[in-house]
$ cat data.cif   # mmCIF, C-alpha atoms and all ligand atoms
data_final
#
loop_
_atom_site.label_atom_id
_atom_site.label_comp_id
_atom_site.auth_asym_id
_atom_site.auth_seq_id
_atom_site.Cartn_x
_atom_site.Cartn_y
_atom_site.Cartn_z
CA MET S 1 0.00 0.00 0.00
CA THR S 2 2.80 2.41 0.80
CA THR S 3 4.28 4.31 -2.07
CA PHE S 4 7.62 5.02 -0.50
CA ARG S 5 10.77 2.94 -0.41
CA THR S 6 11.53 1.32 2.93
CA ILE S 7 14.71 0.18 4.64
CA ASP S 8 14.18 -3.20 2.96
CA ASP S 9 15.26 -1.47 -0.26
CA LEU S 10 18.61 -0.28 1.11
CA GLU S 11 21.92 -1.80 0.02
CA PRO S 12 23.99 -2.90 3.06
CA GLU S 13 26.85 -0.91 4.58
CA ARG S 14 25.54 2.54 3.70
CA ARG S 15 26.32 5.77 5.53
CA LEU S 16 22.85 6.75 6.75
CA LEU S 17 21.29 9.89 8.17
CA VAL S 18 18.28 8.69 10.18
CA ARG S 19 15.63 11.18 11.46
CA ILE S 20 13.95 9.79 14.57
CA ASP S 21 11.53 11.45 17.02
CA VAL S 22 12.48 10.94 20.68
CA ASN S 23 10.83 14.17 21.79
CA ALA S 24 9.56 13.44 25.30
CA ALA S 25 8.34 14.94 28.54
CA VAL S 26 11.43 16.18 30.41
CA GLU S 27 11.49 17.14 34.10
CA ASP S 28 14.60 18.64 35.68
CA GLY S 29 16.52 17.53 32.63
CA VAL S 30 15.40 13.91 32.99
CA VAL S 31 13.45 12.19 30.20
CA GLN S 32 10.15 10.91 31.63
CA ASP S 33 8.93 8.60 28.92
CA ASP S 34 10.99 6.19 26.84
CA ARG S 35 8.34 4.71 24.56
CA ARG S 36 9.61 6.50 21.46
CA PHE S 37 13.16 5.35 22.24
CA ALA S 38 12.03 1.74 22.40
CA ARG S 39 10.23 2.00 19.08
CA HIS S 40 13.04 3.70 17.14
CA ALA S 41 15.52 1.24 18.64
CA GLU S 42 13.75 -1.44 16.58
CA THR S 43 14.48 0.43 13.35
CA ILE S 44 18.08 1.08 14.39
CA ARG S 45 18.65 -2.57 15.33
CA GLU S 46 17.47 -3.65 11.89
CA LEU S 47 19.79 -1.14 10.24
CA LEU S 48 22.72 -2.31 12.37
CA ALA S 49 22.12 -5.87 11.27
CA ASP S 50 22.94 -4.66 7.75
CA ASP S 51 26.17 -2.99 8.89
CA HIS S 52 25.15 0.56 8.16
CA ALA S 53 27.00 3.46 9.79
CA ILE S 54 24.21 5.42 11.47
CA THR S 55 23.94 9.11 12.30
CA LEU S 56 20.74 10.07 14.13
CA LEU S 57 19.03 13.42 13.94
CA ALA S 58 16.29 14.35 16.43
CA HIS S 59 14.71 17.24 18.34
CA GLN S 60 13.59 17.89 21.91
CA GLY S 61 11.15 20.63 22.92
CA ARG S 62 11.09 24.05 21.33
CA PRO S 63 13.19 27.16 21.99
CA GLY S 64 11.81 29.00 25.00
CA ARG S 65 10.33 25.93 26.67
CA GLU S 66 11.75 24.09 29.66
CA THR S 67 11.85 20.88 27.66
CA PHE S 68 14.22 22.43 25.09
CA VAL S 69 17.38 20.64 26.22
CA SER S 70 20.47 18.93 24.83
CA LEU S 71 20.14 15.36 23.57
CA GLU S 72 23.14 14.09 25.55
CA ALA S 73 20.95 12.15 28.00
CA HIS S 74 18.84 10.89 25.09
CA ALA S 75 21.96 9.20 23.65
CA ASP S 76 22.45 7.25 26.91
CA LEU S 77 18.81 6.20 27.01
CA LEU S 78 18.96 5.06 23.40
CA ALA S 79 22.14 3.12 24.19
CA ASP S 80 20.26 1.31 26.99
CA HIS S 81 17.55 0.31 24.53
CA LEU S 82 20.05 -0.80 21.89
CA ASP S 83 22.38 -2.45 24.37
CA ARG S 84 25.36 -0.85 22.67
CA PRO S 85 27.10 2.53 22.78
CA VAL S 86 25.55 5.57 21.13
CA ALA S 87 28.08 8.37 20.64
CA PHE S 88 26.91 11.94 21.09
CA VAL S 89 28.29 15.17 19.70
CA ALA S 90 27.07 18.59 20.92
CA ASP S 91 26.91 19.92 17.38
CA THR S 92 24.57 19.46 14.41
CA ASP S 93 26.26 20.64 11.21
CA GLY S 94 29.55 22.24 12.28
CA ASP S 95 33.10 20.86 12.07
CA GLU S 96 32.72 18.77 15.22
CA ALA S 97 29.66 17.02 13.82
CA LEU S 98 31.22 16.47 10.39
CA GLU S 99 34.39 15.00 11.95
CA ALA S 100 32.38 12.64 14.14
CA ILE S 101 30.32 11.53 11.12
CA ASP S 102 33.48 11.02 9.07
CA THR S 103 35.01 8.60 11.58
CA LEU S 104 31.95 6.33 11.82
CA GLU S 105 32.51 2.66 10.93
CA PRO S 106 29.82 0.16 9.90
CA GLY S 107 27.82 -0.72 13.02
CA ASP S 108 28.50 2.62 14.77
CA VAL S 109 25.70 4.88 16.02
CA LEU S 110 26.06 8.63 16.54
CA LEU S 111 23.41 11.06 17.79
CA LEU S 112 23.78 14.72 16.78
CA GLU S 113 22.66 17.63 18.99
CA ASN S 114 19.02 18.76 19.21
CA VAL S 115 18.35 19.83 15.61
CA ARG S 116 16.05 22.64 16.81
CA MET S 117 19.15 24.38 18.19
CA CYS S 118 20.06 25.00 14.57
CA ASP S 119 18.30 28.11 13.18
CA ASP S 120 17.56 26.43 9.84
CA GLU S 121 15.33 23.74 11.32
CA LEU S 122 12.18 25.34 12.67
CA PRO S 123 10.58 27.95 10.45
CA GLU S 124 7.82 26.09 8.58
CA GLU S 125 8.70 26.51 4.91
CA ALA S 126 8.24 24.61 1.67
CA PRO S 127 10.45 21.53 1.14
CA ASP S 128 12.36 23.26 -1.66
CA VAL S 129 13.26 26.13 0.67
CA LYS S 130 14.27 23.74 3.43
CA ALA S 131 16.44 21.79 0.97
CA GLU S 132 18.46 24.95 0.33
CA THR S 133 19.31 25.57 4.00
CA ASP S 134 22.91 25.33 5.23
CA LEU S 135 21.88 22.50 7.54
CA VAL S 136 20.74 20.30 4.65
CA GLN S 137 23.42 21.41 2.18
CA THR S 138 26.20 20.77 4.72
CA LEU S 139 25.08 17.41 6.07
CA ALA S 140 23.59 15.72 3.00
CA PRO S 141 26.92 15.13 1.15
CA ALA S 142 28.25 13.20 4.18
CA PHE S 143 25.72 10.37 3.62
CA ASP S 144 24.60 7.80 1.06
CA ALA S 145 20.94 7.97 2.04
CA TYR S 146 18.31 9.46 4.39
CA VAL S 147 15.90 7.37 6.46
CA GLY S 148 12.74 9.15 7.65
CA ASP S 149 11.46 7.40 10.78
CA ALA S 150 9.92 10.39 12.61
CA TYR S 151 6.26 9.79 11.72
CA SER S 152 5.19 11.66 14.87
CA ALA S 153 6.89 14.84 13.59
CA SER S 154 5.85 14.36 9.96
CA HIS S 155 3.22 17.12 10.19
CA ARG S 156 6.04 19.66 10.55
CA SER S 157 7.62 21.19 7.43
CA HIS S 158 11.03 21.38 9.09
CA ALA S 159 14.42 21.00 7.43
CA SER S 160 15.22 17.61 8.93
CA ILE S 161 11.80 16.26 7.93
CA VAL S 162 11.22 17.63 4.41
CA GLY S 163 14.55 19.18 3.36
CA PHE S 164 16.83 16.14 3.27
CA PRO S 165 14.49 13.89 1.23
CA ARG S 166 14.49 16.59 -1.44
CA VAL S 167 18.22 16.20 -2.11
CA MET S 168 18.99 12.66 -0.94
CA ASP S 169 18.01 9.11 -1.66
CA ALA S 170 15.22 8.69 0.92
CA TYR S 171 13.64 5.66 2.61
CA ALA S 172 11.00 5.14 5.28
CA GLY S 173 12.09 3.54 8.55
CA ARG S 174 10.00 0.88 10.32
CA VAL S 175 8.21 3.29 12.65
CA MET S 176 7.25 5.51 9.73
CA GLU S 177 6.08 2.52 7.71
CA GLN S 178 4.04 0.91 10.50
CA GLU S 179 2.35 4.11 11.68
CA TYR S 180 1.54 5.18 8.15
CA THR S 181 0.08 1.81 7.22
CA ALA S 182 -2.11 1.49 10.35
CA ILE S 183 -3.44 5.04 10.28
CA THR S 184 -4.14 4.98 6.55
CA ALA S 185 -6.17 1.83 7.12
CA VAL S 186 -8.44 3.84 9.44
CA ARG S 187 -9.15 6.46 6.84
CA GLU S 188 -9.60 4.06 3.98
CA ARG S 189 -11.85 1.76 5.96
CA GLU S 190 -10.15 -1.45 5.00
CA PHE S 191 -12.42 -3.62 7.16
CA ASP S 192 -15.27 -5.97 6.67
CA GLY S 193 -17.61 -5.23 9.59
CA PRO S 194 -18.48 -2.50 12.06
CA VAL S 195 -15.88 0.12 12.92
CA THR S 196 -15.89 1.73 16.38
CA MET S 197 -13.93 4.70 17.62
CA ILE S 198 -13.44 5.33 21.34
CA LEU S 199 -12.79 9.03 21.93
CA GLY S 200 -11.94 10.53 25.28
CA GLY S 201 -9.23 12.62 26.87
CA THR S 202 -9.28 16.31 27.45
CA LYS S 203 -8.86 17.94 24.07
CA ALA S 204 -11.97 18.94 22.16
CA GLU S 205 -9.76 20.61 19.57
CA ASP S 206 -8.50 17.14 18.61
CA THR S 207 -11.78 15.31 18.93
CA ILE S 208 -14.22 17.59 17.12
CA PRO S 209 -12.39 17.46 13.74
CA ILE S 210 -12.20 13.67 14.01
CA LEU S 211 -15.94 13.42 14.64
CA GLU S 212 -16.64 15.76 11.75
CA CYS S 213 -14.50 14.12 9.11
CA LEU S 214 -14.82 10.39 9.71
CA ASP S 215 -18.43 10.27 8.46
CA ASP S 216 -18.25 7.17 6.30
CA THR S 217 -15.37 5.62 8.13
CA VAL S 218 -16.72 4.97 11.60
CA ASP S 219 -20.09 3.38 12.51
CA ARG S 220 -20.04 4.20 16.21
CA PHE S 221 -18.25 6.75 18.36
CA CYS S 222 -18.06 6.01 22.11
CA LEU S 223 -17.35 9.23 23.99
CA GLY S 224 -15.78 9.52 27.45
CA GLY S 225 -13.38 11.75 29.37
CA VAL S 226 -13.86 15.52 29.36
CA VAL S 227 -14.95 15.24 25.73
CA GLY S 228 -17.80 12.89 26.73
CA GLU S 229 -18.86 15.38 29.39
CA LEU S 230 -19.04 18.18 26.83
CA PHE S 231 -21.53 16.07 24.87
CA LEU S 232 -23.46 15.20 28.03
CA ARG S 233 -23.73 18.92 28.83
CA ALA S 234 -24.99 19.59 25.29
CA ASP S 235 -27.55 16.85 25.90
CA GLY S 236 -28.87 18.72 28.93
CA HIS S 237 -26.99 17.05 31.80
CA ASP S 238 -25.56 19.02 34.69
CA VAL S 239 -21.88 18.06 34.29
CA GLY S 240 -18.67 19.99 33.76
CA TYR S 241 -16.68 20.71 36.88
CA ASP S 242 -13.33 22.26 36.13
CA VAL S 243 -10.73 19.83 37.40
CA ALA S 244 -8.32 21.58 39.78
CA ASP S 245 -9.34 25.02 38.50
CA THR S 246 -7.77 24.32 35.13
CA SER S 247 -10.60 25.88 33.14
CA LEU S 248 -10.37 22.65 31.20
CA PHE S 249 -14.11 22.37 30.93
CA ASP S 250 -15.49 25.93 30.87
CA HIS S 251 -12.94 27.10 28.37
CA GLN S 252 -13.72 24.25 25.98
CA TRP S 253 -17.45 24.55 26.52
CA ASP S 254 -17.28 28.21 25.48
CA ALA S 255 -15.17 27.39 22.45
CA TYR S 256 -16.95 24.24 21.24
CA GLN S 257 -20.52 24.39 22.54
CA ALA S 258 -21.91 25.15 19.09
CA ASP S 259 -19.93 22.36 17.38
CA VAL S 260 -20.76 19.80 20.04
CA THR S 261 -24.46 20.65 19.90
CA ARG S 262 -24.55 20.52 16.11
CA ILE S 263 -22.72 17.17 15.97
CA LEU S 264 -25.01 15.72 18.64
CA GLU S 265 -28.13 16.77 16.77
CA ALA S 266 -26.90 15.61 13.37
CA ASP S 267 -25.34 12.35 14.45
CA ARG S 268 -27.04 11.20 17.61
CA ASP S 269 -27.56 7.65 16.32
CA ARG S 270 -23.85 7.07 15.88
CA LEU S 271 -22.79 8.59 19.21
CA SER S 272 -22.72 6.64 22.47
CA LEU S 273 -22.52 8.88 25.52
CA PRO S 274 -21.82 7.75 29.09
CA THR S 275 -24.89 6.68 31.07
CA ASP S 276 -23.06 6.67 34.39
CA LEU S 277 -19.96 8.38 35.77
CA ALA S 278 -17.43 7.83 38.56
CA TYR S 279 -16.22 10.32 41.17
CA GLU S 280 -14.16 10.51 44.34
CA ALA S 281 -16.36 9.98 47.40
CA ASP S 282 -15.77 11.79 50.71
CA GLY S 283 -13.64 8.93 52.01
CA GLY S 284 -11.43 9.10 48.90
CA GLU S 285 -12.80 5.90 47.39
CA ARG S 286 -14.34 5.56 43.91
CA ALA S 287 -18.09 5.96 43.74
CA GLU S 288 -20.48 5.92 40.79
CA THR S 289 -23.74 7.57 39.86
CA ALA S 290 -26.23 7.25 37.04
CA LEU S 291 -26.77 10.39 34.96
CA GLU S 292 -29.82 11.37 37.06
CA GLY S 293 -27.47 11.94 40.02
CA VAL S 294 -24.79 14.06 38.33
CA SER S 295 -24.02 17.62 39.31
CA LYS S 296 -21.63 20.32 38.20
CA GLU S 297 -20.57 20.66 41.82
CA ARG S 298 -18.21 17.70 41.62
CA PRO S 299 -15.62 16.45 39.12
CA PHE S 300 -16.30 13.18 37.32
CA LEU S 301 -13.10 11.32 36.72
CA ASP S 302 -14.13 8.17 34.83
CA VAL S 303 -17.06 6.64 33.03
CA GLY S 304 -19.13 4.31 35.23
CA SER S 305 -19.11 0.52 35.05
CA GLU S 306 -22.35 0.29 33.03
CA THR S 307 -20.87 2.65 30.40
CA ALA S 308 -17.56 0.76 30.36
CA ARG S 309 -19.44 -2.52 29.85
CA ARG S 310 -21.45 -1.04 26.95
CA PHE S 311 -18.38 0.49 25.25
CA ALA S 312 -16.47 -2.79 25.68
CA GLU S 313 -19.37 -4.64 24.06
CA PHE S 314 -19.30 -2.32 21.04
CA ALA S 315 -15.55 -2.89 20.80
CA SER S 316 -15.80 -6.66 20.95
CA ASP S 317 -18.48 -6.69 18.21
CA SER S 318 -16.31 -4.62 15.85
CA ALA S 319 -14.01 -5.50 12.98
CA ALA S 320 -11.86 -2.50 13.81
CA VAL S 321 -11.50 -0.26 16.87
CA PHE S 322 -9.59 3.00 17.23
CA VAL S 323 -8.84 4.74 20.48
CA LYS S 324 -7.87 8.35 21.09
CA GLY S 325 -7.87 9.78 24.60
CA GLY S 326 -8.56 7.98 27.89
CA LEU S 327 -12.11 7.52 29.22
CA GLY S 328 -11.02 8.77 32.63
CA VAL S 329 -8.05 9.92 34.69
CA PHE S 330 -6.39 6.54 34.24
CA GLU S 331 -3.12 7.68 35.84
CA ASP S 332 -5.04 7.31 39.13
CA GLU S 333 -5.83 3.62 39.60
CA ARG S 334 -9.26 4.40 41.09
CA PHE S 335 -10.33 6.04 37.83
CA ALA S 336 -8.68 3.73 35.33
CA ASP S 337 -11.53 1.17 35.17
CA GLY S 338 -13.24 2.54 32.04
CA THR S 339 -10.06 2.94 30.02
CA VAL S 340 -8.61 -0.39 31.14
CA ALA S 341 -11.89 -2.31 30.59
CA VAL S 342 -12.10 -1.10 27.01
CA LEU S 343 -8.41 -1.62 26.24
CA THR S 344 -8.50 -5.13 27.74
CA THR S 345 -11.52 -6.04 25.62
CA ILE S 346 -9.80 -4.76 22.48
CA ALA S 347 -6.62 -6.67 23.33
CA ASP S 348 -8.63 -9.88 23.75
CA ALA S 349 -10.78 -9.35 20.67
CA ASN S 350 -9.80 -10.49 17.24
CA CYS S 351 -10.15 -7.07 15.61
CA PHE S 352 -7.88 -4.56 13.91
CA SER S 353 -6.98 -1.98 16.55
CA VAL S 354 -5.09 1.28 16.76
CA VAL S 355 -4.47 3.06 20.06
CA GLY S 356 -3.28 6.60 19.47
CA GLY S 357 -2.52 9.76 21.37
CA GLY S 358 0.63 10.14 23.41
CA ASP S 359 -1.05 10.00 26.81
CA THR S 360 -3.48 7.21 26.03
CA ALA S 361 -0.80 4.83 24.83
CA ARG S 362 0.75 5.18 28.29
CA ALA S 363 -2.26 3.44 29.81
CA ILE S 364 -1.18 0.25 28.04
CA GLU S 365 2.18 0.43 29.75
CA LEU S 366 0.81 1.52 33.13
CA TYR S 367 -1.60 -1.41 33.37
CA ASP S 368 0.73 -4.05 31.92
CA LEU S 369 -1.37 -4.76 28.86
CA ASP S 370 0.48 -6.54 26.08
CA GLU S 371 1.28 -4.07 23.30
CA ALA S 372 1.53 -6.96 20.86
CA GLU S 373 -2.21 -7.62 21.28
CA PHE S 374 -2.97 -4.35 19.45
CA SER S 375 -2.43 -3.90 15.71
CA GLN S 376 -0.74 -0.57 16.35
CA VAL S 377 0.01 1.47 19.44
CA SER S 378 0.84 4.81 17.94
CA ILE S 379 3.60 6.98 19.38
CA ALA S 380 2.26 9.97 17.45
CA GLY S 381 0.03 12.67 18.98
CA GLY S 382 -0.53 15.62 16.64
CA ALA S 383 0.42 13.63 13.54
CA TYR S 384 -2.11 10.89 14.43
CA VAL S 385 -4.94 13.41 14.62
CA ARG S 386 -3.86 15.14 11.41
CA ALA S 387 -3.66 11.85 9.56
CA LEU S 388 -7.06 10.72 10.83
CA THR S 389 -8.64 13.96 9.71
CA GLY S 390 -7.10 13.63 6.26
CA ASP S 391 -4.62 16.48 6.56
CA PRO S 392 -1.55 15.72 4.46
CA LEU S 393 1.60 14.83 6.37
CA VAL S 394 4.41 16.71 4.68
CA GLY S 395 7.07 14.34 6.02
CA VAL S 396 5.30 11.36 4.45
CA GLU S 397 4.77 13.22 1.19
CA ALA S 398 8.47 14.10 1.10
CA LEU S 399 9.34 10.40 1.16
CA GLU S 400 6.65 9.45 -1.36
CA ARG S 401 7.92 11.90 -3.94
CA GLU S 402 11.24 10.12 -3.96
CA GLN S 403 9.68 6.91 -5.32
N1 LIG K 1 -12.91 13.15 33.19
C1 LIG K 1 -11.65 13.57 33.07
N2 LIG K 1 -11.22 14.65 33.75
C2 LIG K 1 -9.95 15.09 33.64
N3 LIG K 1 -9.02 14.51 32.88
C3 LIG K 1 -9.39 13.43 32.17
C4 LIG K 1 -10.71 12.92 32.24
N4 LIG K 1 -10.78 11.85 31.44
C5 LIG K 1 -9.55 11.68 30.89
N5 LIG K 1 -8.71 12.62 31.33
C6 LIG K 1 -7.28 12.77 31.00
O1 LIG K 1 -7.10 12.78 29.61
C7 LIG K 1 -5.72 12.48 29.35
C8 LIG K 1 -5.54 11.89 27.98
O2 LIG K 1 -6.14 12.74 27.10
P1 LIG K 1 -5.44 13.60 25.97
O3 LIG K 1 -6.49 14.46 25.42
O4 LIG K 1 -4.18 14.18 26.49
O5 LIG K 1 -5.16 12.43 24.98
P2 LIG K 1 -4.03 11.88 24.09
O6 LIG K 1 -4.56 11.97 22.75
O7 LIG K 1 -3.66 10.53 24.58
O8 LIG K 1 -2.75 12.81 24.29
P3 LIG K 1 -1.84 13.67 23.33
O9 LIG K 1 -2.70 14.66 22.65
O10 LIG K 1 -0.90 14.25 24.34
O11 LIG K 1 -1.17 12.77 22.38
C9 LIG K 1 -5.29 11.55 30.44
O12 LIG K 1 -4.09 12.01 30.99
C10 LIG K 1 -6.44 11.60 31.45
O13 LIG K 1 -6.02 11.82 32.79
O1 LIG K 2 6.02 15.24 20.14
C1 LIG K 2 5.51 15.49 19.04
O2 LIG K 2 4.28 15.44 18.85
C2 LIG K 2 6.43 15.76 17.88
O3 LIG K 2 7.75 15.51 18.23
C3 LIG K 2 6.27 17.16 17.34
O4 LIG K 2 6.68 18.08 18.29
P1 LIG K 2 6.21 19.61 18.17
O5 LIG K 2 4.73 19.62 18.43
O6 LIG K 2 7.02 20.37 19.20
O7 LIG K 2 6.52 20.08 16.78
#

$ encode --input "data.cif" --output "structure tokens"
Amino acid sequence: MTTFRTIDDLEPERRLLVRIDVNAAVEDGVVQDDRRFARHAETIRELLADDHAITLLAHQGRPGRETFVSLEAHADLLADHLDRPVAFVADTDGDEALEAIDTLEPGDVLLLENVRMCDDELPEEAPDVKAETDLVQTLAPAFDAYVGDAYSASHRSHASIVGFPRVMDAYAGRVMEQEYTAITAVREREFDGPVTMILGGTKAEDTIPILECLDDTVDRFCLGGVVGELFLRADGHDVGYDVADTSLFDHQWDAYQADVTRILEADRDRLSLPTDLAYEADGGERAETALEGVSKERPFLDVGSETARRFAEFASDSAAVFVKGGLGVFEDERFADGTVAVLTTIADANCFSVVGGGDTARAIELYDLDEAEFSQVSIAGGAYVRALTGDPLVGVEALEREQ
């Protein structure tokens, strides 16, 4: 199905520039989440088996943010995943970087400094413009080929994503290939039987476009999380307490009330809303109430067990299930029941399944579910939503053009 070349098409022992995405939550300089490292390590291991000399290019954070840090610690974490050394150089396209690249032997791995520290990387410009930057013009001649593996950054028209494929022989890495294939299957509805999408989490700005554009693709949407509560409010229920004064609910209600109401009226038959919700009782334990008992005076932190059972039933009767956003605050074990019940059912069912959204995929890890039981656990956030809503991914297009 893919129209790009993959790493299967590479001759062995090449000098490769490989763009990965190990952008992660960072606290006090420490990387908090290694899922992207684990996934890219699979691509790198395959490349090492063919004796390539590998130079990795990646970003972390954005200038001005606390998470905008050097990739030195990322090199160590990657080395742990690969079980072999990963050299690091605090330079991207200067003499130090070029010398380090020059000395690489087959089987060596080098990580360059955070590519967003280079001024050429970030401004979003057309691929042709990016191809002309010093960054691309300086590094490209040092390699035989470029491997694009950063699917989760492929919605960004940055030099390292769209510039290099313009001037180099370009191939898709395994992460790129797998994410692209699974997410395209959602849009093209490659299934024989009902398709269900479980949407939750906190971001209406992600969810509303998905609901609006997947008309012929999805038969049933099950809505939970803050997003589910927005629909319950539109349906006349007294819900919507702002968790920890975050304005999470009120702000989104003001911004999306009209969209939510319109979608509910137009599409009520395809939408399944929660019929019960869970909250923290006075003693701190989980308690549940049917919709008749809800009130804006308290936060609801999960769907109730009746809702979880119904959503799980839809999932188990489906040929394909897609998940985006948790059904509750699953990081707290008391409010993980809805999310875990649905994910467990999907894992046990014999259906095509994609779990997407950076936070949601963490639930699989937190509750020891077996990732292999899902067709795809996406490590993409923004790119997953863009791809689902049909927006072109410039980083994928850049690889396709090289066919
Ligand atoms: N009722 C709720 N109240 C508050 N937070 C909730 C509720 N239900 C779910 N959440 C939170 O939603 C988060 C996941 O939603 P989010 O919208 O971030 O989804 P995602 O798509 O996985 O993430 P990302 O956009 O970062 O890739 C979880 O951290 C969870 O705690
Ligand atoms: O983490 C991500 O979603 C990607 O790495 C893109 O990062 P960005 O949103 O900072 O461009």

$ residues_near_ligand --input "data.cif" --ligand "ligand LIG 1 (chain K)" --cutoff "6 Å" --atoms "only C-alpha atoms and all ligand atoms" --output "PyMOL selection string"
chain S and resi 201-203+225-226+300-302+324-331+357-360+381

$ atom_distance --input "data.cif" --atom1 "atom CA of Gly283 of chain S" --atom2 "atom CA of Gly200 of chain S"
26.8 Å

$ residues_near_ligand --input "data.cif" --ligand "ligand LIG 2 (chain K)" --cutoff "10 Å" --atoms "only C-alpha atoms and all ligand atoms" --output "NGL selection string"
:S and (20-25 or 36 or 58-63 or 65 or 67-68 or 116 or 122 or 150-158 or 357-358 or 379-384)

$ residues_around --input "data.cif" --residues "Arg189 of chain S" --least-positions-apart "3" --cutoff "6 Å" --atoms "all atoms listed in the file" --output "list in words"
Ala185, Val186 and Thr217 of chain S

$ closest_residue --input "data.cif" --among "S:Glu13, S:Glu397, S:Asp128, S:Asp33" --to "Leu104 of chain S" --atoms "only C-alpha atoms"
S:Glu13

$ closest_residue --input "data.cif" --among "S:Val218, S:Leu57, S:Leu77, S:Val294" --to "Tyr241 of chain S" --atoms "all atoms listed in the file"
S:Val294

$ residues_around --input "data.cif" --residues "Asp242 of chain S" --least-positions-apart "2" --cutoff "10 Å" --atoms "all atoms listed in the file" --output "VMD selection string"
chain S and resid 226 239 to 240 244 to 251 296 to 300

$ residues_near_point --input "data.cif" --point "(16.0, 14.7, 4.1)" --cutoff "10 Å" --atoms "only C-alpha atoms" --output "mmCIF file with C-alpha atoms, in the frame of the given file"
data_model
loop_
_atom_site.group_PDB
_atom_site.id
_atom_site.type_symbol
_atom_site.label_atom_id
_atom_site.label_comp_id
_atom_site.auth_asym_id
_atom_site.auth_seq_id
_atom_site.Cartn_x
_atom_site.Cartn_y
_atom_site.Cartn_z
ATOM 1 C CA LEU S 17 21.290 9.890 8.170
ATOM 2 C CA VAL S 18 18.280 8.690 10.180
ATOM 3 C CA ARG S 19 15.630 11.180 11.460
ATOM 4 C CA PRO S 127 10.450 21.530 1.140
ATOM 5 C CA LYS S 130 14.270 23.740 3.430
ATOM 6 C CA ALA S 131 16.440 21.790 0.970
ATOM 7 C CA VAL S 136 20.740 20.300 4.650
ATOM 8 C CA LEU S 139 25.080 17.410 6.070
ATOM 9 C CA ALA S 140 23.590 15.720 3.000
ATOM 10 C CA ALA S 145 20.940 7.970 2.040
ATOM 11 C CA TYR S 146 18.310 9.460 4.390
ATOM 12 C CA VAL S 147 15.900 7.370 6.460
ATOM 13 C CA GLY S 148 12.740 9.150 7.650
ATOM 14 C CA HIS S 158 11.030 21.380 9.090
ATOM 15 C CA ALA S 159 14.420 21.000 7.430
ATOM 16 C CA SER S 160 15.220 17.610 8.930
ATOM 17 C CA ILE S 161 11.800 16.260 7.930
ATOM 18 C CA VAL S 162 11.220 17.630 4.410
ATOM 19 C CA GLY S 163 14.550 19.180 3.360
ATOM 20 C CA PHE S 164 16.830 16.140 3.270
ATOM 21 C CA PRO S 165 14.490 13.890 1.230
ATOM 22 C CA ARG S 166 14.490 16.590 -1.440
ATOM 23 C CA VAL S 167 18.220 16.200 -2.110
ATOM 24 C CA MET S 168 18.990 12.660 -0.940
ATOM 25 C CA ASP S 169 18.010 9.110 -1.660
ATOM 26 C CA ALA S 170 15.220 8.690 0.920
ATOM 27 C CA TYR S 171 13.640 5.660 2.610
ATOM 28 C CA GLY S 395 7.070 14.340 6.020
ATOM 29 C CA ALA S 398 8.470 14.100 1.100
ATOM 30 C CA LEU S 399 9.340 10.400 1.160
#

$ closest_residue --input "data.cif" --among "S:Leu369, S:Glu292, S:Leu277, S:Ala320" --to "Gly236 of chain S" --atoms "all atoms listed in the file"
S:Glu292

$ atom_distance --input "data.cif" --atom1 "atom CA of Ile54 of chain S" --atom2 "atom CA of Glu179 of chain S"
21.9 Å

$ closest_residue --input "data.cif" --among "S:Val260, S:Val89, S:Leu47, S:Cys222" --to "Pro274 of chain S" --atoms "only C-alpha atoms"
S:Cys222

$ atom_distance --input "data.cif" --atom1 "atom CA of Tyr256 of chain S" --atom2 "atom CA of Ile208 of chain S"
8.3 Å

$ residues_around --input "data.cif" --residues "Thr55 of chain S" --least-positions-apart "2" --cutoff "8 Å" --atoms "only C-alpha atoms" --output "number ranges by chain"
S: 15-18, 53, 57, 101, 109-112

$ closest_residue --input "data.cif" --among "S:Gly304, S:Gly284, S:Gly224, S:Pro209" --to "Ser272 of chain S" --atoms "only C-alpha atoms"
S:Gly224

$ closest_residue --input "data.cif" --among "S:Leu78, S:Val385, S:Ala73, S:Ala49" --to "Arg35 of chain S" --atoms "only C-alpha atoms"
S:Leu78

$ residues_around --input "data.cif" --residues "Ser318 of chain S" --least-positions-apart "5" --cutoff "12 Å" --atoms "all atoms listed in the file" --output "mmCIF file with C-alpha atoms, in the frame of the given file"
data_model
loop_
_atom_site.group_PDB
_atom_site.id
_atom_site.type_symbol
_atom_site.label_atom_id
_atom_site.label_comp_id
_atom_site.auth_asym_id
_atom_site.auth_seq_id
_atom_site.Cartn_x
_atom_site.Cartn_y
_atom_site.Cartn_z
ATOM 1 C CA PHE S 191 -12.420 -3.620 7.160
ATOM 2 C CA ASP S 192 -15.270 -5.970 6.670
ATOM 3 C CA GLY S 193 -17.610 -5.230 9.590
ATOM 4 C CA PRO S 194 -18.480 -2.500 12.060
ATOM 5 C CA VAL S 195 -15.880 0.120 12.920
ATOM 6 C CA THR S 196 -15.890 1.730 16.380
ATOM 7 C CA MET S 197 -13.930 4.700 17.620
ATOM 8 C CA ILE S 198 -13.440 5.330 21.340
ATOM 9 C CA VAL S 218 -16.720 4.970 11.600
ATOM 10 C CA ASP S 219 -20.090 3.380 12.510
ATOM 11 C CA ARG S 220 -20.040 4.200 16.210
ATOM 12 C CA PHE S 221 -18.250 6.750 18.360
ATOM 13 C CA PHE S 311 -18.380 0.490 25.250
ATOM 14 C CA ALA S 312 -16.470 -2.790 25.680
ATOM 15 C CA GLU S 313 -19.370 -4.640 24.060
ATOM 16 C CA THR S 345 -11.520 -6.040 25.620
ATOM 17 C CA ILE S 346 -9.800 -4.760 22.480
ATOM 18 C CA ALA S 349 -10.780 -9.350 20.670
ATOM 19 C CA ASN S 350 -9.800 -10.490 17.240
ATOM 20 C CA CYS S 351 -10.150 -7.070 15.610
ATOM 21 C CA PHE S 352 -7.880 -4.560 13.910
ATOM 22 C CA SER S 353 -6.980 -1.980 16.550
#
